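Below you'll find the structure, written out as structure tokens, and then a few comments.
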Amino acid sequence: MTALTNPAPRRTLLAHLFASLRGALPVVVVVAALLGLWLAAVAPMNFRLALDAAMRGGEDVTPATPDEQGETGLVRLMIDNPGVIPAAYAFERPRLPRPQDVVVEMYENTIGLARGCEFTGWGAGREHWTGLSEGCLRVVNNRRSLLFHAWQTLAPTLLGFAIGTGLGILLAVGIVHNRTMDLSVMPWAIASQTIPILAIAPMVIVVLNAVGVQGLLPKSLISSYLSFFPVVVGMVKGLRSPRGMELDLMRTYSASGAQVFWKLRLPASLPYLFASLKIGIAAALVGTIVAELPTGARFGLGARLLSGSYYGQTVQIWAALLMAALCAAVLVWLIGAVERRVLDRMGLAR
Amino acid sequence: MSVIQAKNLDLTFQTNDGPVHALKDVSLEIGKGEFVSFIGPSGCGKTTFLRTMAALENPTGGSITVNGMSADEARRNRAYGYVFQAAGLYPWRTIEKNIKLPLEIMGFDRAEQERRVRDVLQLVDLEGFGKKYPWQLSGGMQQRASIARALAFDADILLMDEPFGALDEIVRDHLNEQLLKLWARTTKTIAFVTHSIPEAVYLSTKIVVMSPRPGRISDVIESDLPTERPLDIRDTPEFLEIAHRVRDGLRAGHAYDD
């Protein structure tokens, strides 16, 4: 009866649902395909390990000796020993874990860490500001927590990104306004990006440590080293984007260089800046993780990657990688959100 | 009293294909309150001449004075408003803010800026569009906004480079009519580049016919049409006679190879 008297809202709701499902479909298909590929790859990746285990467990395998197995191709081995394939999916420390193992690892090292988590109500004092019991906070302040490590990486990333962006903008302004800088800075900026960051990261840490700089800053500097470059390139392009006529107009007003900068070049460069910032923040995150690798950092996603590889904990490596990817996605999305807001307010979003 | 005075003006651009004589031996006087049109085929130097008046180009020979001083001094004194071929409104500024741009640069105070924006928006018939962004307006409205921007700081001279070139006939007629009314009201000196004969004849008190390679003035026609010009004046014999003379001048100066 309601459907007869008032059918419109139901239909639009359905249509809306359908539309959003259709919009999500390509994403779902691609994700499913990737997961399928991953799952399919698990068997061949772990098969030799599985065969080894099966042999030691006294099962009959063809060929029978490890030497012969070593000389046989993987495909042949899998065809001859199909019974071993399920075992390839059930390893404690596989070469390639199943995707669900990684998801479980991520859960156990984040939300799964909570012990007796309940809402206690807000009260006075620092320890009560969240309104949650002590057990909840284990999710973020436990050394095992991926969120804890993610923050250890994110904080220097954000600082490095801020330093890199500021430096990049300053250099771009200099390049656009000063011919000497135009000729001299850009080649150095390009050269700086050809040096493997992995090679100079330990030196930066050691040198800064020698002069007493510790904590966030060393990691941030390495991350800014990667993030300033896209900002310089994008900003130079953006500041030079005003065409002849737009500059001529300023000339007819007899505008000063500063006025041309603030009223024309800078606003014209903002769309370019945002495009650069998205690349820059992803580069900053990579920079921080790379800075953690050769320096024996104890905390951070890079440290998790490193300790995972020391102890053959592939699941831990994958979980850290996935967390890093999530962080990058969120950061890029955040910049996109700011971009939409700013450009919309400037009347530049169509 | 002449507002703009050019004497034996030469301008040669050095290009990769050798020198291009954009202007050769150009002499002209424009009196106060005149409406002077420059007409000619592309490459005849009419835009270059206008840009020279605005000190956007430097002549390689001869002299040009604007308001009795050098063109560059006149530019620094903000002696003219310039309207480009395209509206060239800054897309991140609303119409109002675009018109305020020269006022901000020239240091008018806030109240004065508001007052002037209101006045010129009314002058170009764009009241109520001040808060819109350029892309929300039609091409004709954008061009009117750019004229308002050139008028806002109330320079005595208005230099216009084919401002209606990209607009359709009907909009163009309408804007021509409005421009004439505006000129009559403000008594500005206007230099106007066009390649439309009816537009030149309809608007001007003086028509300068130019010809290319090298760019030079081939004829200067004083128009004796009345100041009051309805659009249908274009069908009168007097109008057609002047138009005819312009056409002849264009043909004479145009060295076709056939």
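By order in the structure tokens, chains are A, B, ...; within a chain, residues start at 1; ligands start at 1, following the order shown.
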Checklist line | chain B contacts to chain A at 10 Å (only C-alpha atoms) as a VMD selection string | finding: chain B and resid 51 54 to 56 72 to 94 101 to 106 132 to 136 150 153
Checklist line | Exercise: A:Pro97 partners within 12 Å, only C-alpha atoms, chain neighbours under 4 positions left out, as a ChimeraX atom specification | finding: /A:35,38-46,88-93,101-105,312-319
Would you mind exporting C-alpha atoms of the selected residues as a short mmCIF file (atom, residue, chain, number, x, y, z; two decimals), in the first residue's frame?
data_model
loop_
_atom_site.label_atom_id
_atom_site.label_comp_id
_atom_site.auth_asym_id
_atom_site.auth_seq_id
_atom_site.Cartn_x
_atom_site.Cartn_y
_atom_site.Cartn_z
CA LEU A 35 43.34 -11.21 -4.65
CA TRP A 38 47.70 -13.44 -5.09
CA LEU A 39 45.96 -16.64 -3.92
CA ALA A 40 46.97 -18.47 -7.07
CA ALA A 41 50.57 -17.43 -6.59
CA VAL A 42 50.71 -18.79 -3.04
CA ALA A 43 50.86 -22.44 -4.20
CA PRO A 44 53.90 -22.22 -6.52
CA MET A 45 55.68 -19.83 -4.18
CA ASN A 46 55.45 -22.16 -1.19
CA ALA A 88 51.45 -24.91 0.52
CA TYR A 89 48.51 -22.85 1.82
CA ALA A 90 48.97 -23.80 5.46
CA PHE A 91 52.39 -22.50 6.47
CA GLU A 92 53.29 -20.74 9.66
CA ARG A 93 56.10 -18.85 7.93
CA ASP A 101 46.79 -14.32 6.88
CA VAL A 102 47.86 -10.74 6.35
CA VAL A 103 44.42 -9.42 7.24
CA VAL A 104 44.40 -11.51 10.42
CA GLU A 105 47.89 -10.24 11.28
CA GLY A 312 61.57 -14.50 8.17
CA GLN A 313 58.19 -13.14 9.25
CA THR A 314 56.72 -12.56 5.81
CA VAL A 315 53.25 -12.01 7.24
CA GLN A 316 54.62 -9.16 9.35
CA ILE A 317 56.29 -7.62 6.28
CA TRP A 318 53.10 -7.77 4.27
CA ALA A 319 51.07 -6.31 7.10
#
Check: So which residues of stretch 15-258 of chain B fall under strand (DSSP E or B) by DSSP, listed as a ChimeraX atom specification?
Finding: /B:15,18-31,35-39,61-66,69-70,80-83,157-161,189-194,206-211,216-222
Just-selected residues, C-alpha atoms written as an mmCIF file, in the first residue's frame:
data_model
loop_
_atom_site.group_PDB
_atom_site.id
_atom_site.type_symbol
_atom_site.label_atom_id
_atom_site.label_comp_id
_atom_site.auth_asym_id
_atom_site.auth_seq_id
_atom_site.Cartn_x
_atom_site.Cartn_y
_atom_site.Cartn_z
ATOM 1 C CA THR B 15 62.688 36.581 -35.834
ATOM 2 C CA GLY B 18 64.901 37.427 -40.481
ATOM 3 C CA PRO B 19 63.542 40.846 -39.529
ATOM 4 C CA VAL B 20 59.797 41.578 -39.739
ATOM 5 C CA HIS B 21 58.775 45.189 -40.287
ATOM 6 C CA ALA B 22 55.707 45.433 -38.111
ATOM 7 C CA LEU B 23 55.537 49.217 -38.364
ATOM 8 C CA LYS B 24 57.208 51.471 -40.898
ATOM 9 C CA ASP B 25 57.216 55.245 -40.797
ATOM 10 C CA VAL B 26 53.903 55.528 -38.959
ATOM 11 C CA SER B 27 52.838 59.045 -38.010
ATOM 12 C CA LEU B 28 49.503 59.861 -36.403
ATOM 13 C CA GLU B 29 47.875 62.289 -34.006
ATOM 14 C CA ILE B 30 44.921 61.424 -31.868
ATOM 15 C CA GLY B 31 43.091 64.345 -30.284
ATOM 16 C CA PHE B 35 37.282 57.655 -31.169
ATOM 17 C CA VAL B 36 39.897 56.293 -33.559
ATOM 18 C CA SER B 37 39.598 52.901 -35.227
ATOM 19 C CA PHE B 38 42.482 51.016 -36.749
ATOM 20 C CA ILE B 39 41.488 48.692 -39.543
ATOM 21 C CA GLY B 61 62.696 54.082 -34.467
ATOM 22 C CA GLY B 62 60.728 57.331 -34.319
ATOM 23 C CA SER B 63 58.925 58.617 -31.286
ATOM 24 C CA ILE B 64 55.599 58.269 -29.563
ATOM 25 C CA THR B 65 54.144 60.388 -26.807
ATOM 26 C CA VAL B 66 51.049 59.701 -24.740
ATOM 27 C CA MET B 69 55.150 62.016 -22.066
ATOM 28 C CA SER B 70 56.856 58.905 -23.318
ATOM 29 C CA TYR B 80 45.224 54.191 -20.129
ATOM 30 C CA GLY B 81 42.985 51.189 -19.711
ATOM 31 C CA TYR B 82 43.685 48.306 -22.067
ATOM 32 C CA VAL B 83 41.092 45.817 -23.315
ATOM 33 C CA ILE B 157 42.514 56.820 -22.639
ATOM 34 C CA LEU B 158 40.988 53.470 -23.545
ATOM 35 C CA LEU B 159 42.992 51.167 -25.807
ATOM 36 C CA MET B 160 40.913 48.320 -27.226
ATOM 37 C CA ASP B 161 42.382 45.467 -29.254
ATOM 38 C CA THR B 189 39.840 59.074 -25.945
ATOM 39 C CA ILE B 190 39.481 55.634 -27.499
ATOM 40 C CA ALA B 191 41.822 53.775 -29.839
ATOM 41 C CA PHE B 192 40.055 50.730 -31.211
ATOM 42 C CA VAL B 193 41.523 47.952 -33.334
ATOM 43 C CA THR B 194 39.126 45.986 -35.536
ATOM 44 C CA LYS B 206 38.493 58.861 -37.330
ATOM 45 C CA ILE B 207 39.331 55.671 -39.195
ATOM 46 C CA VAL B 208 42.950 54.726 -39.777
ATOM 47 C CA VAL B 209 43.372 52.232 -42.617
ATOM 48 C CA MET B 210 46.562 50.220 -42.452
ATOM 49 C CA SER B 211 48.268 47.840 -44.850
ATOM 50 C CA ARG B 216 51.993 51.331 -42.468
ATOM 51 C CA ILE B 217 49.107 53.789 -42.568
ATOM 52 C CA SER B 218 47.546 53.957 -46.046
ATOM 53 C CA ASP B 219 44.612 56.287 -45.339
ATOM 54 C CA VAL B 220 43.119 58.365 -42.530
ATOM 55 C CA ILE B 221 39.405 59.031 -42.889
ATOM 56 C CA GLU B 222 37.627 61.677 -40.807
#
Next item on the list: DSSP on the backbone, then: every residue of stretch 14-159 of chain B marked helix (DSSP H, G or I), written as a PyMOL selection string.
Entry: chain B and resi 46-53+71-76+95-105+110-123+134-136+139-151
Hey, can you spit out that residue selection with C-alpha atoms as a JSON list (two decimals), in the first residue's frame?
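Below you can see selection-v4.json, which holds the result:
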[["chain", "number", "residue", "atom", "x", "y", "z"],
["B", 46, "LYS", "CA", 47.42, 47.60, -36.04],
["B", 47, "THR", "CA", 47.70, 45.61, -32.83],
["B", 48, "THR", "CA", 51.43, 46.32, -32.66],
["B", 49, "PHE", "CA", 50.70, 50.03, -33.00],
["B", 50, "LEU", "CA", 48.19, 49.84, -30.15],
["B", 51, "ARG", "CA", 50.67, 47.90, -28.02],
["B", 52, "THR", "CA", 53.28, 50.55, -28.76],
["B", 53, "MET", "CA", 50.93, 53.22, -27.41],
["B", 71, "ALA", "CA", 54.63, 55.86, -23.71],
["B", 72, "ASP", "CA", 56.39, 54.08, -20.85],
["B", 73, "GLU", "CA", 56.01, 57.03, -18.50],
["B", 74, "ALA", "CA", 52.36, 57.15, -19.44],
["B", 75, "ARG", "CA", 52.07, 53.45, -18.63],
["B", 76, "ARG", "CA", 53.69, 53.98, -15.27],
["B", 95, "ILE", "CA", 33.64, 39.51, -11.69],
["B", 96, "GLU", "CA", 33.65, 42.03, -8.85],
["B", 97, "LYS", "CA", 37.13, 40.97, -7.74],
["B", 98, "ASN", "CA", 38.39, 41.06, -11.32],
["B", 99, "ILE", "CA", 37.28, 44.66, -11.62],
["B", 100, "LYS", "CA", 38.89, 45.39, -8.26],
["B", 101, "LEU", "CA", 42.21, 43.99, -9.46],
["B", 102, "PRO", "CA", 43.55, 47.27, -10.95],
["B", 103, "LEU", "CA", 42.03, 49.20, -8.05],
["B", 104, "GLU", "CA", 43.87, 47.00, -5.51],
["B", 105, "ILE", "CA", 47.09, 47.39, -7.42],
["B", 110, "ARG", "CA", 38.03, 49.73, 0.13],
["B", 111, "ALA", "CA", 35.02, 52.05, 0.04],
["B", 112, "GLU", "CA", 36.24, 53.66, -3.16],
["B", 113, "GLN", "CA", 36.78, 50.22, -4.70],
["B", 114, "GLU", "CA", 33.22, 49.18, -3.86],
["B", 115, "ARG", "CA", 31.83, 52.41, -5.25],
["B", 116, "ARG", "CA", 33.74, 52.14, -8.51],
["B", 117, "VAL", "CA", 32.89, 48.48, -9.02],
["B", 118, "ARG", "CA", 29.21, 49.35, -8.61],
["B", 119, "ASP", "CA", 29.52, 52.24, -11.06],
["B", 120, "VAL", "CA", 31.32, 50.40, -13.84],
["B", 121, "LEU", "CA", 29.14, 47.29, -13.50],
["B", 122, "GLN", "CA", 26.19, 49.58, -14.09],
["B", 123, "LEU", "CA", 27.99, 51.23, -16.98],
["B", 134, "PRO", "CA", 33.93, 34.36, -15.16],
["B", 135, "TRP", "CA", 33.06, 30.86, -16.39],
["B", 136, "GLN", "CA", 29.48, 31.40, -15.28],
["B", 139, "GLY", "CA", 31.51, 35.39, -23.83],
["B", 140, "GLY", "CA", 29.84, 38.74, -24.42],
["B", 141, "MET", "CA", 29.30, 39.32, -20.72],
["B", 142, "GLN", "CA", 32.90, 38.39, -19.98],
["B", 143, "GLN", "CA", 34.10, 40.92, -22.53],
["B", 144, "ARG", "CA", 31.86, 43.57, -20.98],
["B", 145, "ALA", "CA", 33.36, 42.72, -17.59],
["B", 146, "SER", "CA", 36.83, 43.16, -19.03],
["B", 147, "ILE", "CA", 35.80, 46.59, -20.37],
["B", 148, "ALA", "CA", 34.46, 47.44, -16.92],
["B", 149, "ARG", "CA", 37.83, 46.40, -15.50],
["B", 150, "ALA", "CA", 39.59, 48.78, -17.91],
["B", 151, "LEU", "CA", 37.19, 51.58, -17.02]]
